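K.L.:
Provided herewith: structure-v9.cif, mmCIF, N, CA and C atoms (P, O5', C5', C4', C3', O3' and C1' of nucleotides).
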```cif
data_protein
#
loop_
_atom_site.label_atom_id
_atom_site.label_comp_id
_atom_site.auth_asym_id
_atom_site.auth_seq_id
_atom_site.Cartn_x
_atom_site.Cartn_y
_atom_site.Cartn_z
N MET A 1 99.71 117.46 114.45
CA MET A 1 99.91 116.01 114.18
C MET A 1 99.07 115.60 112.98
N ASN A 2 99.66 114.80 112.13
CA ASN A 2 98.92 114.28 110.98
C ASN A 2 98.24 112.97 111.35
N ILE A 3 97.01 112.87 111.03
CA ILE A 3 96.23 111.67 111.37
C ILE A 3 95.73 110.99 110.11
N TYR A 4 95.88 109.67 110.10
CA TYR A 4 95.39 108.89 108.96
C TYR A 4 94.03 108.28 109.31
N VAL A 5 93.09 108.41 108.39
CA VAL A 5 91.76 107.84 108.60
C VAL A 5 91.44 106.93 107.42
N GLY A 6 91.39 105.64 107.70
CA GLY A 6 91.19 104.68 106.62
C GLY A 6 89.90 103.90 106.74
N ASN A 7 89.61 103.12 105.72
CA ASN A 7 88.41 102.31 105.63
C ASN A 7 87.15 103.16 105.64
N LEU A 8 87.23 104.29 105.00
CA LEU A 8 86.07 105.18 104.92
C LEU A 8 85.13 104.75 103.81
N ALA A 9 83.88 105.16 103.97
CA ALA A 9 82.90 104.87 102.92
C ALA A 9 83.09 105.88 101.78
N TYR A 10 82.71 105.49 100.59
CA TYR A 10 82.86 106.38 99.45
C TYR A 10 81.93 107.59 99.56
N GLU A 11 80.95 107.45 100.41
CA GLU A 11 79.99 108.54 100.58
C GLU A 11 80.50 109.58 101.57
N THR A 12 81.59 109.26 102.23
CA THR A 12 82.13 110.17 103.23
C THR A 12 82.80 111.38 102.57
N ASN A 13 82.53 112.52 103.15
CA ASN A 13 83.11 113.75 102.61
C ASN A 13 84.04 114.40 103.62
N GLU A 14 84.74 115.42 103.18
CA GLU A 14 85.65 116.13 104.08
C GLU A 14 84.88 116.78 105.22
N LYS A 15 83.68 117.20 104.94
CA LYS A 15 82.87 117.85 105.96
C LYS A 15 82.54 116.88 107.09
N ASP A 16 82.26 115.64 106.73
CA ASP A 16 81.94 114.62 107.75
C ASP A 16 83.15 114.38 108.64
N ILE A 17 84.30 114.28 108.03
CA ILE A 17 85.54 114.04 108.79
C ILE A 17 85.87 115.25 109.65
N GLU A 18 85.71 116.40 109.06
CA GLU A 18 85.99 117.63 109.79
C GLU A 18 85.08 117.77 111.00
N THR A 19 83.81 117.47 110.79
CA THR A 19 82.85 117.55 111.89
C THR A 19 83.16 116.52 112.97
N ALA A 20 83.56 115.33 112.52
CA ALA A 20 83.83 114.25 113.47
C ALA A 20 85.08 114.54 114.31
N PHE A 21 86.08 115.15 113.69
CA PHE A 21 87.34 115.37 114.40
C PHE A 21 87.38 116.71 115.14
N THR A 22 86.61 117.66 114.67
CA THR A 22 86.60 118.96 115.33
C THR A 22 85.91 118.87 116.69
N ALA A 23 85.20 117.77 116.89
CA ALA A 23 84.53 117.56 118.17
C ALA A 23 85.54 117.25 119.28
N TYR A 24 86.71 116.79 118.90
CA TYR A 24 87.75 116.44 119.89
C TYR A 24 88.76 117.57 120.06
N GLY A 25 88.77 118.48 119.12
CA GLY A 25 89.72 119.60 119.21
C GLY A 25 89.76 120.38 117.92
N GLN A 26 90.77 121.18 117.81
CA GLN A 26 90.90 122.01 116.62
C GLN A 26 91.46 121.24 115.43
N VAL A 27 90.82 121.39 114.32
CA VAL A 27 91.27 120.72 113.10
C VAL A 27 91.83 121.77 112.13
N SER A 28 93.08 121.58 111.78
CA SER A 28 93.72 122.54 110.90
C SER A 28 93.31 122.34 109.44
N GLU A 29 93.38 121.07 109.03
CA GLU A 29 93.02 120.79 107.64
C GLU A 29 92.58 119.34 107.47
N VAL A 30 91.65 119.15 106.56
CA VAL A 30 91.17 117.80 106.25
C VAL A 30 91.40 117.53 104.78
N ARG A 31 92.00 116.40 104.49
CA ARG A 31 92.27 116.08 103.10
C ARG A 31 91.71 114.70 102.77
N LEU A 32 90.62 114.70 102.03
CA LEU A 32 90.00 113.45 101.62
C LEU A 32 90.69 113.01 100.33
N ILE A 33 91.28 111.84 100.37
CA ILE A 33 92.03 111.37 99.21
C ILE A 33 91.11 110.80 98.15
N THR A 34 91.24 111.35 96.97
CA THR A 34 90.45 110.85 95.85
C THR A 34 91.36 110.45 94.70
N ASP A 35 90.91 109.53 93.93
CA ASP A 35 91.71 109.09 92.80
C ASP A 35 91.82 110.20 91.76
N ARG A 36 93.01 110.49 91.36
CA ARG A 36 93.22 111.62 90.47
C ARG A 36 92.72 111.35 89.05
N TYR A 37 92.65 110.10 88.68
CA TYR A 37 92.28 109.76 87.31
C TYR A 37 90.81 109.41 87.16
N SER A 38 90.18 109.04 88.26
CA SER A 38 88.76 108.70 88.19
C SER A 38 87.91 109.70 88.98
N GLY A 39 88.54 110.42 89.89
CA GLY A 39 87.84 111.43 90.66
C GLY A 39 87.04 110.86 91.82
N ARG A 40 87.18 109.54 92.05
CA ARG A 40 86.44 108.92 93.15
C ARG A 40 87.30 108.83 94.40
N SER A 41 86.61 108.64 95.51
CA SER A 41 87.31 108.55 96.79
C SER A 41 88.12 107.25 96.88
N LYS A 42 89.28 107.35 97.48
CA LYS A 42 90.11 106.16 97.65
C LYS A 42 89.74 105.42 98.92
N GLY A 43 88.93 106.01 99.73
CA GLY A 43 88.47 105.34 100.94
C GLY A 43 89.29 105.70 102.17
N PHE A 44 90.12 106.70 102.07
CA PHE A 44 90.87 107.12 103.25
C PHE A 44 91.15 108.61 103.19
N ALA A 45 91.53 109.16 104.32
CA ALA A 45 91.72 110.61 104.39
C ALA A 45 92.78 110.94 105.44
N PHE A 46 93.17 112.20 105.43
CA PHE A 46 94.15 112.67 106.42
C PHE A 46 93.63 113.92 107.10
N VAL A 47 93.85 113.95 108.40
CA VAL A 47 93.40 115.10 109.18
C VAL A 47 94.59 115.69 109.92
N GLU A 48 94.73 116.99 109.83
CA GLU A 48 95.83 117.65 110.50
C GLU A 48 95.31 118.43 111.70
N MET A 49 95.88 118.11 112.88
CA MET A 49 95.46 118.81 114.09
C MET A 49 96.68 119.44 114.77
N PRO A 50 96.61 120.74 115.03
CA PRO A 50 97.74 121.48 115.62
C PRO A 50 98.00 121.07 117.06
N ASN A 51 96.96 120.64 117.76
CA ASN A 51 97.13 120.22 119.16
C ASN A 51 97.38 118.73 119.25
N GLN A 52 98.50 118.35 119.84
CA GLN A 52 98.88 116.94 119.89
C GLN A 52 97.98 116.11 120.80
N GLN A 53 97.69 116.66 121.98
CA GLN A 53 96.88 115.90 122.93
C GLN A 53 95.46 115.69 122.39
N GLU A 54 94.93 116.69 121.72
CA GLU A 54 93.60 116.54 121.13
C GLU A 54 93.63 115.55 119.99
N ALA A 55 94.73 115.56 119.27
CA ALA A 55 94.88 114.61 118.17
C ALA A 55 94.94 113.17 118.69
N GLU A 56 95.70 112.97 119.75
CA GLU A 56 95.80 111.62 120.33
C GLU A 56 94.45 111.17 120.88
N ALA A 57 93.74 112.09 121.49
CA ALA A 57 92.41 111.78 122.02
C ALA A 57 91.46 111.40 120.89
N ALA A 58 91.55 112.13 119.81
CA ALA A 58 90.69 111.85 118.65
C ALA A 58 91.04 110.50 118.05
N ILE A 59 92.33 110.20 117.98
CA ILE A 59 92.77 108.92 117.41
C ILE A 59 92.26 107.76 118.26
N GLN A 60 92.48 107.87 119.58
CA GLN A 60 92.10 106.77 120.46
C GLN A 60 90.59 106.56 120.50
N ASP A 61 89.86 107.64 120.35
CA ASP A 61 88.41 107.52 120.43
C ASP A 61 87.77 107.21 119.07
N MET A 62 88.39 107.69 118.03
CA MET A 62 87.82 107.49 116.69
C MET A 62 88.25 106.16 116.08
N ASN A 63 89.39 105.65 116.53
CA ASN A 63 89.88 104.39 115.96
C ASN A 63 88.95 103.24 116.33
N GLY A 64 88.52 102.51 115.32
CA GLY A 64 87.64 101.37 115.55
C GLY A 64 86.17 101.76 115.58
N LYS A 65 85.90 103.05 115.46
CA LYS A 65 84.51 103.48 115.44
C LYS A 65 83.88 103.20 114.08
N SER A 66 82.58 103.22 114.07
CA SER A 66 81.87 102.97 112.83
C SER A 66 81.35 104.28 112.24
N LEU A 67 81.69 104.52 111.00
CA LEU A 67 81.21 105.71 110.33
C LEU A 67 80.51 105.33 109.04
N GLN A 68 79.23 105.62 108.99
CA GLN A 68 78.42 105.28 107.82
C GLN A 68 78.54 103.78 107.49
N ASP A 69 78.35 102.98 108.54
CA ASP A 69 78.38 101.52 108.39
C ASP A 69 79.74 100.97 107.99
N ARG A 70 80.77 101.75 108.26
CA ARG A 70 82.12 101.28 107.94
C ARG A 70 83.01 101.47 109.17
N THR A 71 83.65 100.41 109.60
CA THR A 71 84.57 100.52 110.73
C THR A 71 85.87 101.16 110.27
N ILE A 72 86.12 102.34 110.77
CA ILE A 72 87.25 103.10 110.27
C ILE A 72 88.53 102.83 111.07
N THR A 73 89.63 103.08 110.45
CA THR A 73 90.93 102.94 111.12
C THR A 73 91.54 104.33 111.27
N VAL A 74 91.90 104.65 112.51
CA VAL A 74 92.47 105.97 112.77
C VAL A 74 93.79 105.83 113.52
N ASN A 75 94.83 106.40 112.98
CA ASN A 75 96.14 106.38 113.66
C ASN A 75 97.02 107.49 113.09
N GLU A 76 98.19 107.62 113.66
CA GLU A 76 99.09 108.66 113.18
C GLU A 76 99.55 108.36 111.76
N ALA A 77 99.54 109.39 110.93
CA ALA A 77 99.89 109.19 109.53
C ALA A 77 101.40 109.07 109.37
N LYS A 78 101.78 108.28 108.39
CA LYS A 78 103.19 108.14 108.06
C LYS A 78 103.53 109.15 106.98
N PRO A 79 104.79 109.53 106.90
CA PRO A 79 105.19 110.46 105.85
C PRO A 79 104.93 109.87 104.47
N ARG A 80 104.71 110.75 103.54
CA ARG A 80 104.41 110.27 102.20
C ARG A 80 105.55 109.47 101.61
N ASP A 81 105.12 108.52 100.80
CA ASP A 81 106.10 107.71 100.10
C ASP A 81 106.52 108.46 98.83
N ASN A 82 107.31 107.86 98.02
CA ASN A 82 107.78 108.48 96.79
C ASN A 82 106.64 108.68 95.79
N SER A 83 105.49 108.08 96.09
CA SER A 83 104.38 108.11 95.15
C SER A 83 103.90 109.52 94.85
N GLY A 84 103.95 110.40 95.83
CA GLY A 84 103.43 111.73 95.64
C GLY A 84 104.47 112.73 95.19
N GLN A 85 105.69 112.29 95.08
CA GLN A 85 106.75 113.22 94.71
C GLN A 85 106.72 113.51 93.22
N ARG A 86 106.87 114.79 92.91
CA ARG A 86 106.88 115.15 91.50
C ARG A 86 108.08 114.53 90.79
N GLY A 87 107.96 114.31 89.53
CA GLY A 87 109.05 113.68 88.82
C GLY A 87 108.52 112.63 87.86
N GLY A 88 107.17 112.68 87.63
CA GLY A 88 106.59 111.75 86.67
C GLY A 88 107.21 111.95 85.31
N GLY A 89 107.43 113.22 84.95
CA GLY A 89 108.15 113.47 83.72
C GLY A 89 109.63 113.45 84.03
N SER A 90 110.31 112.50 83.49
CA SER A 90 111.72 112.34 83.82
C SER A 90 112.51 113.61 83.52
N ARG A 91 112.94 114.24 84.55
CA ARG A 91 113.67 115.50 84.39
C ARG A 91 115.14 115.34 84.85
N SER A 92 115.42 114.17 85.38
CA SER A 92 116.74 113.95 85.93
C SER A 92 117.78 113.54 84.88
N TRP A 93 117.28 113.32 83.66
CA TRP A 93 118.22 112.90 82.63
C TRP A 93 119.20 114.02 82.30
P DG B 1 86.64 96.31 102.24
"O5'" DG B 1 87.45 96.87 100.99
"C5'" DG B 1 88.76 96.76 100.69
"C4'" DG B 1 89.07 97.60 99.44
"C3'" DG B 1 89.65 98.97 99.84
"O3'" DG B 1 90.98 98.96 99.51
"C1'" DG B 1 87.94 99.20 98.21
P DT B 2 92.29 98.52 99.67
"O5'" DT B 2 92.61 99.57 100.86
"C5'" DT B 2 92.65 100.94 100.57
"C4'" DT B 2 93.42 101.65 101.68
"C3'" DT B 2 94.82 101.07 101.90
"O3'" DT B 2 95.71 102.12 102.20
"C1'" DT B 2 93.56 100.91 103.89
P DT B 3 97.22 101.83 101.83
"O5'" DT B 3 97.79 103.30 102.13
"C5'" DT B 3 97.21 104.42 101.46
"C4'" DT B 3 97.97 105.70 101.82
"C3'" DT B 3 99.48 105.58 101.67
"O3'" DT B 3 100.02 106.81 101.20
"C1'" DT B 3 98.93 106.04 103.93
P DG B 4 100.13 106.94 99.62
"O5'" DG B 4 98.87 107.85 99.26
"C5'" DG B 4 98.31 108.75 100.19
"C4'" DG B 4 97.59 109.87 99.45
"C3'" DG B 4 98.44 110.65 98.46
"O3'" DG B 4 97.61 111.31 97.50
"C1'" DG B 4 97.93 111.99 100.31
P DA B 5 97.94 111.25 96.00
"O5'" DA B 5 99.27 112.13 95.77
"C5'" DA B 5 99.28 113.52 96.09
"C4'" DA B 5 99.62 114.36 94.88
"C3'" DA B 5 98.41 114.63 93.97
"O3'" DA B 5 98.49 115.96 93.50
"C1'" DA B 5 100.09 113.51 92.74
P DG B 6 97.38 116.65 92.71
"O5'" DG B 6 98.40 117.41 91.76
"C5'" DG B 6 98.13 118.67 91.22
"C4'" DG B 6 99.42 119.20 90.62
"C3'" DG B 6 100.04 118.25 89.59
"O3'" DG B 6 100.66 119.00 88.54
"C1'" DG B 6 101.55 118.58 91.33
P DC B 7 99.87 119.32 87.35
"O5'" DC B 7 101.09 119.36 86.33
"C5'" DC B 7 102.18 120.20 86.63
"C4'" DC B 7 103.35 119.86 85.74
"C3'" DC B 7 102.96 119.74 84.26
"O3'" DC B 7 104.02 120.26 83.46
"C1'" DC B 7 103.81 117.68 85.04
P DG B 8 103.83 121.73 82.93
"O5'" DG B 8 104.69 122.62 83.96
"C5'" DG B 8 104.06 123.33 85.02
"C4'" DG B 8 105.06 123.62 86.12
"C3'" DG B 8 106.28 124.41 85.65
"O3'" DG B 8 106.82 125.15 86.75
"C1'" DG B 8 106.93 122.23 86.26
P DT B 9 107.18 126.61 86.56
"O5'" DT B 9 107.13 127.16 88.05
"C5'" DT B 9 106.07 126.77 88.91
"C4'" DT B 9 106.57 126.76 90.35
"C3'" DT B 9 107.26 128.06 90.74
"O3'" DT B 9 107.03 128.31 92.11
"C1'" DT B 9 108.77 126.25 90.91
P DT B 10 105.86 129.41 92.46
"O5'" DT B 10 104.93 128.59 93.46
"C5'" DT B 10 103.79 127.93 93.00
"C4'" DT B 10 103.34 126.84 93.98
"C3'" DT B 10 102.90 127.42 95.30
"O3'" DT B 10 101.58 127.00 95.59
"C1'" DT B 10 104.62 125.78 95.61
#
```
Please lay out the structure from this file as structure tokens.
P.N.:
Amino acid sequence: MNIYVGNLAYETNEKDIETAFTAYGQVSEVRLITDRYSGRSKGFAFVEMPNQQEAEAAIQDMNGKSLQDRTITVNEAKPRDNSGQRGGGSRSW
DNA sequence: GTTGAGCGTT
């Protein structure tokens, strides 16, 4: 299950998220979203957990919790929008 | 500071 983690502090790293979520179960991958043009954190991240029940437990327990003085939002991630799809260079012409 | 980008075939 893909999990969305929002309202993170800029000081938060993938290791912090991984440590926080691995406590509830197995974490397959952690992706801290950073701005591609500035290299800074966007303030949210995604966590992938192979076990659904552990993922739900992590979501329910982590949602609304405070991490580094920031109340984070945790819920199931939505599929990516068109924003991440390749095609910046118009190739469809 | 709130839903993921890789510029060319993973």
K.L.:
Could you list, as a PyMOL selection string, the residues of chain B having an atom within 8 Å of chain A when counting only N, CA and C atoms (P, O5', C5', C4', C3', O3' and C1' of nucleotides)?
P.N.:
chain B and resi 1-7
K.L.:
By how many Å are O3' of DT10 in chain B and atom C of Asn2 in chain A apart?
P.N.:
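The value is 21.4 Å.
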K.L.:
Using the chain letters and numbers from this document, which residues of range 28-67 of chain A does DSSP assign to helix (DSSP H, G or I), as a list in words?
P.N.:
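These are the residues in question: Gln52, Gln53, Glu54, Ala55, Glu56, Ala57, Ala58, Ile59, Gln60, Asp61 and Met62 of chain A.
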K.L.:
Could you tell me how far CA of Ala55 in chain A lies from CA of Thr22 in chain A, in Å and to one decimal?
P.N.:
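That distance, rounded to one decimal, is 9.8 Å.
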K.L.:
Let me make sure I understand: among A:Glu29, A:Asp69, A:Glu11, A:Glu18, which one has the smallest atom-to-atom distance to Met49 in chain A if we use only C-alpha atoms?
P.N.:
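Closest to Met49 in chain A of all the choices is A:Glu29.
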K.L.:
As an exercise, work out the distance from CA of Ser38 in chain A to atom P of DG8 in chain B in Å and give it to one decimal place.
P.N.:
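Between CA of Ser38 in chain A and atom P of DG8 in chain B the gap works out to 20.6 Å.
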K.L.:
Write out as lines of an AutoDock Vina configuration file an axis-aligned box for range 2-10 of chain B: all of its atoms listed in the file, 5 Å added on each side, centre and edge lengths in Å with one decimal.
P.N.:
```
center_x = 100.5
center_y = 114.0
center_z = 93.4
size_x = 26.5
size_y = 40.9
size_z = 31.0
```
